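Written below as structure tokens is the structure these notes are about.
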Amino acid sequence: MERTGSKPIDELIILAKNGNGLAFTALWDRHIDQLRSYLNTQFKNLDEYSVEDICSRSFEKAFRKIHTYDQSKSQFLTWLCTIARNTALDVLEAEKRSRPAAHLVSLDDAGQASSAEGIPDQTDDALNSLIRTEYEEERIKYIDRLPELYREVSRRRLIDGMKYNEIAESLDLELNTVKTRLRRAKQIMDELRARDEEE
């Protein structure tokens, strides 16, 4: 049985399959460095921000598909790397289709473009806009519907109004991880809101 840290990986997987978000967070903690290394090795053209984004997306997919994971066929890390590889290929293909503007991201109300690598904490970005314009009750509703991976960072940012570096410190996460999780959380909430409006 694969074992790292206090609980065997197999036990964490069983708990995660039963919907335990904390168990899945523990799986993140134990595999994130290996997943980053894998992506950096396999996709040398990816920058640090893209690697973090792909890691977040891969864990999100893994959490949604954890019930399909078969421990008898492969180790969890192998399964996770396969998801990450496919996610990376999808991201690169999407970037290729959207060039030449793919390397620039508009983050503020003035439409000023800035590199995705260096997102400043005080940038008046879409998340800050969401804080200003959405009612707290609605924010809570959508935050509660987020995958566990994004829920706590979103709550601390959107409800508690904490800064990126404060969230990183309080959750013992890297700053880039906080930023990419928040960015992905915003995308998911936008998708949920659009879906609700269609219904």
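Identifiers for the structure tokens are assigned positionally: chains receive A, B, ... in sequence, residues are indexed from 1 per chain, and ligands are indexed from 1 in the order shown.
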Margin query: I'd like the neighbourhood of segment 80-91 of chain A as an NGL selection string, where a residue qualifies if any of its atoms comes within 7 Å (using only C-alpha atoms), though same-chain residues fewer than 5 positions away should be ignored.
Written below: :A and (35 or 54-55 or 58 or 62)
Margin query: So that I can check the secondary structure, give me every residue of segment 45-80 of chain A assigned alpha helix (DSSP H) by backbone DSSP, as number ranges by chain.
Written below: A: 48-65, 76-80
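Of the listed residues (A:Gln71, A:Asn18, A:Ser154, A:Ser37), A:Ser154 comes nearest to Gln187 of chain A; the distances count only C-alpha atoms.
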Kindly assemble as JSON lines a list of the segment 43-106 of chain A residues that lie within 10 Å of segment 173-179 of chain A, each paired with its nearest atom pair and their distance in Å to one decimal, using only C-alpha atoms, sorted first by chain and then by ascending residue number.
```
{"residue": "A:Glu48", "atom": "CA", "partner": "A:Asn176", "partner_atom": "CA", "distance": 8.3}
{"residue": "A:Tyr49", "atom": "CA", "partner": "A:Asn176", "partner_atom": "CA", "distance": 6.9}
{"residue": "A:Val51", "atom": "CA", "partner": "A:Thr177", "partner_atom": "CA", "distance": 9.8}
{"residue": "A:Glu52", "atom": "CA", "partner": "A:Thr177", "partner_atom": "CA", "distance": 6.1}
{"residue": "A:Asp53", "atom": "CA", "partner": "A:Thr177", "partner_atom": "CA", "distance": 8.0}
{"residue": "A:Cys55", "atom": "CA", "partner": "A:Thr177", "partner_atom": "CA", "distance": 9.0}
{"residue": "A:Ser56", "atom": "CA", "partner": "A:Thr177", "partner_atom": "CA", "distance": 7.9}
```
Selection above as a file: C-alpha atoms, as a short mmCIF file (atom, residue, chain, number, x, y, z; two decimals), in the first residue's frame:
```cif
data_model
loop_
_atom_site.label_atom_id
_atom_site.label_comp_id
_atom_site.auth_asym_id
_atom_site.auth_seq_id
_atom_site.Cartn_x
_atom_site.Cartn_y
_atom_site.Cartn_z
CA GLU A 48 4.91 28.98 -13.48
CA TYR A 49 1.41 30.44 -13.62
CA VAL A 51 1.67 25.02 -14.29
CA GLU A 52 -0.26 26.15 -11.21
CA ASP A 53 -3.41 26.64 -13.24
CA CYS A 55 -2.47 21.63 -11.39
CA SER A 56 -5.63 23.24 -10.00
#
```
Note to self: Rounded to one decimal, what separation in Å do you get between atom CA of Leu77 of chain A and atom CA of Phe24 of chain A?
What the structure shows: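 For atom CA of Leu77 of chain A relative to atom CA of Phe24 of chain A, the distance reads 13.0 Å.
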